[in-house]
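Source file: coords21.cif; contents: mmCIF, C-alpha atoms.
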```cif
data_input
#
loop_
_atom_site.label_atom_id
_atom_site.label_comp_id
_atom_site.auth_asym_id
_atom_site.auth_seq_id
_atom_site.Cartn_x
_atom_site.Cartn_y
_atom_site.Cartn_z
CA MET R 1 44.98 29.70 30.52
CA SER R 2 46.39 31.80 33.32
CA ILE R 3 47.12 30.65 36.84
CA VAL R 4 47.76 33.17 39.60
CA ALA R 5 48.61 32.12 43.16
CA LEU R 6 49.68 34.84 45.58
CA LEU R 7 50.59 35.00 49.24
CA GLU R 8 49.57 38.39 50.60
CA SER R 9 50.99 39.76 53.83
CA GLN R 10 48.96 42.99 53.76
CA ALA R 11 45.23 43.58 53.32
CA LEU R 12 43.47 41.56 50.65
CA ASP R 13 40.99 43.52 48.52
CA PRO R 14 38.41 41.15 46.95
CA GLN R 15 37.15 43.88 44.59
CA LEU R 16 40.62 44.39 43.22
CA GLU R 17 41.13 40.64 42.80
CA LEU R 18 37.79 40.30 41.01
CA ALA R 19 38.75 43.19 38.73
CA GLU R 20 42.04 41.42 37.85
CA LEU R 21 40.23 38.16 37.16
CA THR R 22 37.57 39.91 35.10
CA GLU R 23 40.24 41.61 33.03
CA ALA R 24 41.92 38.25 32.37
CA ALA R 25 38.59 36.58 31.58
CA ARG R 26 37.65 38.65 28.53
CA GLY R 27 36.06 36.22 26.09
CA ASP R 28 34.84 33.88 28.84
CA GLY R 29 31.22 33.52 29.89
CA ALA R 30 31.46 32.95 33.63
CA ILE R 31 33.40 33.94 36.72
CA VAL R 32 32.84 32.29 40.09
CA THR R 33 34.61 33.63 43.16
CA PHE R 34 34.74 32.81 46.83
CA VAL R 35 35.89 35.18 49.56
CA GLY R 36 36.65 33.73 52.98
CA LEU R 37 36.48 36.03 56.01
CA ALA R 38 38.16 35.63 59.39
CA ARG R 39 35.32 34.58 61.70
CA PRO R 40 34.70 36.68 64.83
CA GLU R 41 33.74 33.62 66.87
CA SER R 42 35.41 30.28 67.56
CA LYS R 43 33.69 26.89 67.31
CA ASP R 44 33.28 27.02 71.09
CA GLY R 45 31.55 30.39 70.94
CA ASN R 46 34.47 32.49 72.20
CA ALA R 47 35.06 35.91 70.69
CA VAL R 48 37.99 35.94 68.25
CA ASP R 49 39.89 39.17 67.62
CA ALA R 50 42.15 37.87 64.86
CA LEU R 51 43.47 34.86 63.02
CA VAL R 52 47.23 34.51 62.84
CA LEU R 53 48.60 32.52 59.92
CA ASP R 54 52.15 31.29 60.32
CA PHE R 55 53.66 30.25 57.00
CA HIS R 56 56.77 28.73 55.43
CA PRO R 57 58.99 31.05 53.34
CA THR R 58 58.82 28.81 50.24
CA LEU R 59 56.45 25.88 50.78
CA THR R 60 53.36 27.97 51.52
CA ARG R 61 53.34 29.78 48.20
CA GLN R 62 54.27 26.54 46.43
CA SER R 63 51.24 24.85 47.98
CA LEU R 64 48.95 27.62 46.71
CA GLU R 65 50.49 27.32 43.26
CA GLU R 66 50.20 23.53 43.22
CA ILE R 67 46.50 23.65 44.14
CA ALA R 68 45.77 26.36 41.56
CA VAL R 69 47.62 24.49 38.81
CA ALA R 70 45.84 21.22 39.65
CA CYS R 71 42.54 23.09 39.45
CA GLY R 72 43.41 24.44 36.01
CA GLU R 73 44.28 20.95 34.80
CA ARG R 74 41.20 19.31 36.25
CA PHE R 75 38.45 21.67 35.11
CA ASP R 76 37.61 23.31 31.82
CA VAL R 77 38.54 26.77 33.07
CA SER R 78 40.46 29.59 31.40
CA HIS R 79 41.77 31.39 34.48
CA VAL R 80 42.38 30.52 38.12
CA ARG R 81 43.22 33.12 40.75
CA VAL R 82 44.07 32.35 44.37
CA VAL R 83 45.17 35.03 46.82
CA HIS R 84 45.72 34.07 50.45
CA ARG R 85 46.56 36.21 53.44
CA CYS R 86 49.34 35.37 55.87
CA GLY R 87 50.25 37.03 59.16
CA THR R 88 47.60 38.62 61.37
CA VAL R 89 44.10 38.93 59.91
CA PRO R 90 41.63 40.87 62.11
CA ALA R 91 38.19 39.27 62.50
CA GLY R 92 35.85 40.21 59.66
CA GLU R 93 38.61 40.81 57.13
CA PRO R 94 39.15 38.74 53.99
CA ILE R 95 41.53 35.84 54.42
CA VAL R 96 41.26 34.19 51.00
CA PHE R 97 40.07 34.93 47.48
CA ALA R 98 39.56 31.96 45.16
CA GLY R 99 38.18 32.50 41.68
CA ALA R 100 37.90 30.77 38.34
CA ALA R 101 36.71 31.84 34.91
CA SER R 102 35.35 29.61 32.15
CA ILE R 103 33.31 29.63 28.99
CA HIS R 104 30.29 28.09 30.78
CA ARG R 105 29.37 28.40 34.44
CA ARG R 106 29.50 24.78 35.67
CA ALA R 107 33.26 24.45 35.31
CA ALA R 108 33.86 27.71 37.19
CA PHE R 109 31.55 26.70 40.06
CA ALA R 110 33.24 23.31 40.40
CA ALA R 111 36.70 24.85 40.16
CA ALA R 112 36.03 27.36 42.96
CA ASP R 113 34.59 24.59 45.15
CA TYR R 114 37.63 22.40 44.50
CA LEU R 115 40.05 25.26 45.22
CA MET R 116 38.52 25.93 48.61
CA ASP R 117 38.25 22.28 49.66
CA ARG R 118 41.95 21.80 48.97
CA LEU R 119 43.06 25.16 50.36
CA LYS R 120 41.19 24.49 53.63
CA THR R 121 43.08 21.26 54.22
CA GLU R 122 46.36 21.32 52.29
CA ALA R 123 47.59 24.90 52.06
CA VAL R 124 50.74 25.15 54.16
CA PHE R 125 49.62 27.39 57.01
CA TRP R 126 49.59 27.04 60.76
CA LYS R 127 46.62 28.97 62.01
CA ARG R 128 45.62 30.15 65.44
CA GLU R 129 42.73 32.14 66.78
CA VAL R 130 43.51 34.96 69.20
CA GLY R 131 40.76 36.31 71.41
CA ASP R 132 38.95 36.00 74.72
CA ALA R 133 40.09 32.39 75.20
CA GLY R 134 43.74 33.29 74.56
CA SER R 135 45.54 31.73 71.61
CA THR R 136 44.26 28.45 70.12
CA TRP R 137 45.86 26.47 67.28
CA ILE R 138 43.44 25.15 64.67
CA GLU R 139 43.63 22.06 62.50
CA PRO R 140 41.27 20.94 59.71
CA THR R 141 37.99 19.46 60.94
CA GLU R 142 36.63 16.04 59.93
CA ALA R 143 34.13 17.89 57.74
CA ASP R 144 36.97 19.79 56.02
CA LEU R 145 38.79 16.51 55.30
CA ALA R 146 35.59 14.84 54.04
CA ASP R 147 35.00 17.81 51.71
CA ARG R 148 38.50 17.47 50.29
CA ASP R 149 38.13 13.72 49.84
CA ARG R 150 35.12 14.25 47.57
CA TRP R 151 37.60 15.12 44.83
CA GLY R 152 39.50 11.81 45.03
CA MET K 1 73.15 23.62 63.74
CA LYS K 2 70.06 25.73 63.21
CA VAL K 3 66.57 24.34 63.76
CA ARG K 4 63.60 26.28 62.43
CA LEU K 5 60.12 25.59 63.74
CA TYR K 6 56.60 26.53 62.70
CA GLY K 7 53.12 26.76 64.14
CA ARG K 8 52.63 25.29 67.59
CA LEU K 9 56.26 24.15 67.62
CA ALA K 10 57.45 27.74 67.20
CA ASP K 11 55.09 28.68 70.02
CA ALA K 12 56.53 26.06 72.36
CA ILE K 13 60.21 26.10 71.40
CA GLY K 14 60.81 29.31 69.47
CA PRO K 15 60.88 30.03 65.73
CA GLU K 16 64.60 29.30 65.44
CA ILE K 17 67.13 27.77 67.79
CA GLU K 18 70.78 26.88 67.55
CA LEU K 19 71.95 23.46 68.76
CA PRO K 20 75.61 22.54 69.22
CA ASP K 21 77.18 19.09 68.80
CA VAL K 22 74.66 17.39 66.59
CA SER K 23 77.08 16.02 64.00
CA GLY K 24 76.40 12.29 63.55
CA CYS K 25 72.98 12.45 65.20
CA SER K 26 69.93 11.42 63.20
CA VAL K 27 66.74 13.40 62.67
CA ALA K 28 65.07 10.98 65.12
CA ASP K 29 67.74 11.79 67.74
CA LEU K 30 67.12 15.51 67.22
CA ARG K 31 63.38 15.00 67.56
CA GLU K 32 63.93 13.16 70.86
CA ARG K 33 66.35 15.77 72.13
CA LEU K 34 63.89 18.59 71.44
CA ALA K 35 60.99 16.63 72.97
CA ALA K 36 63.06 15.97 76.10
CA SER K 37 63.84 19.66 76.58
CA HIS K 38 60.36 20.92 75.56
CA SER K 39 57.81 18.40 76.83
CA ALA K 40 54.86 20.58 75.76
CA ALA K 41 55.98 20.15 72.16
CA ALA K 42 56.55 16.37 72.29
CA GLY K 43 53.24 15.41 70.68
CA ALA K 44 53.53 17.97 67.88
CA LEU K 45 57.15 16.99 67.25
CA GLU K 46 56.15 13.37 66.80
CA ARG K 47 53.61 14.39 64.14
CA SER K 48 55.96 16.78 62.34
CA ARG K 49 57.81 16.30 59.08
CA ALA K 50 61.49 17.20 58.87
CA LEU K 51 62.96 19.25 56.05
CA ILE K 52 66.64 19.79 55.23
CA GLY K 53 67.73 22.06 52.39
CA GLY K 54 64.16 22.31 51.15
CA SER K 55 63.61 18.53 50.90
CA PHE K 56 61.69 16.28 53.24
CA VAL K 57 63.97 13.75 54.92
CA SER K 58 63.46 10.53 56.85
CA ASP K 59 64.15 10.09 60.54
CA GLU K 60 67.26 8.06 59.66
CA ARG K 61 68.95 11.01 57.93
CA LYS K 62 72.27 11.85 59.65
CA LEU K 63 72.85 15.49 60.51
CA ALA K 64 75.82 17.76 59.94
CA ASP K 65 76.52 20.92 61.94
CA ALA K 66 75.97 23.05 58.83
CA ASP K 67 72.44 21.70 58.24
CA LEU K 68 69.36 23.81 58.66
CA VAL K 69 66.63 21.48 59.86
CA GLU K 70 63.01 22.55 59.75
CA PHE K 71 60.17 20.79 61.57
CA LEU K 72 56.72 21.25 60.05
CA PRO K 73 53.75 20.23 62.20
CA PRO K 74 50.55 19.09 60.43
CA VAL K 75 49.20 22.06 58.50
CA SER K 76 46.04 23.93 59.45
CA GLY K 77 45.07 24.68 55.87
CA GLY K 78 43.88 28.11 54.84
#
```

Now, as a test, write the supplied structure out as structure tokens.
Amino acid sequence: MSIVALLESQALDPQLELAELTEAARGDGAIVTFVGLARPESKDGNAVDALVLDFHPTLTRQSLEEIAVACGERFDVSHVRVVHRCGTVPAGEPIVFAGAASIHRRAAFAAADYLMDRLKTEAVFWKREVGDAGSTWIEPTEADLADRDRWG
Amino acid sequence: MKVRLYGRLADAIGPEIELPDVSGCSVADLRERLAASHSAAAGALERSRALIGGSFVSDERKLADADLVEFLPPVSGG
């Protein structure tokens, strides 16, 4: 079992992250990954130039680690890899990579789903959209919280 | 004493400020003092958790001048 949880202040390269996970997953039968992109439009339809993720010097990375470790304990997976951007992420660029590897596919699918539901609500970030409407702070939506609560 | 702030609190108050004469005050007193001087941040301050030396503390915790207090508003998630 390997658990990787990284906070990335520069560009995040999903291909590179997949290559790392694939290398770790030799002997497994499945890899499931999710890549989240900074959306170019807000919920209200305003153009967004970038997402800015404020973070805590220690608690943010700890929160990524805690979620990744909990995922590894909960599902029958061999490897978990979470890489999350912080700082300014231009619209269209990757903001998060969440991946899991397992012997059979179901566990990896469930693990990736779980990772994202928890990251979307519990990762220690303070996020704002910057664009046509100025700067707007974002908090998890009711749908995000309901998704997280599916896992008990 | 140093106070470090994040997210919308950093926006409204600044990422780090220095406050004199806080010895003997509680975290709740500090919260009130900051809300009084930065009314735009009052709501977010009320919903924030306080951290001293890397540990979350209650509003009753007494402060010393050497403390670094951090206020963390509710997180946005990733």

Quick one: which residues end up in the PyMOL selection byres ((chain K) within 8 of (chain R)) for this structure, as a PyMOL selection string? chain K and resi 6-8+74-78

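Applied to the file shown here, the PyMOL selection byres ((chain K and resi 55) around 12) selects the residues Thr58 and Leu59 of chain R; Arg49, Ala50, Leu51, Ile52, Gly53, Gly54, Phe56, Val57, Ser58, Arg61, Asp67, Leu68, Val69, Glu70, Phe71 and Leu72 of chain K.
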
Taking the file as shown, what set of residues would the PyMOL selection byres ((chain R and resi 134) around 10) give back, as a list in words? Asn46, Ala47, Val48, Asp49, Arg128, Glu129, Val130, Gly131, Asp132, Ala133, Ser135 and Thr136 of chain R

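Between Asp21 (chain K) and the residues K:Ala35, K:Pro73, K:Gly43, K:Lys2, the shortest atom-to-atom distance, using only C-alpha atoms, involves K:Lys2.
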
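Atom pair CA of Ala40 (chain K) / CA of Glu41 (chain R) has a distance of 26.4 Å (rounded to one decimal).
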
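Counting from CA of Ser48 (chain K), the distance to CA of Cys25 (chain K) is 17.8 Å.
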
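One distance worth recording is that between CA of His79 (chain R) and CA of Glu66 (chain R), which is 14.5 Å.
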
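Considering the residues R:Gly27, R:Pro57, R:Gly99, R:Pro90 and counting all atoms listed in the file, Leu7 (chain R) has its shortest atom-to-atom contact with R:Pro57.
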
Need to verify the contact set: Arg26 (chain R), 12 Å, only C-alpha atoms, exclusion of same-chain residues closer than 4 positions in sequence. Can you return it as a ChimeraX atom specification? /R:1,19-22,30-31,78-79,101-103

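Nearest residue to Asp113 (chain R) among R:Thr33, R:Arg81, R:Asp44, R:Leu145 is R:Thr33, counting all atoms listed in the file.
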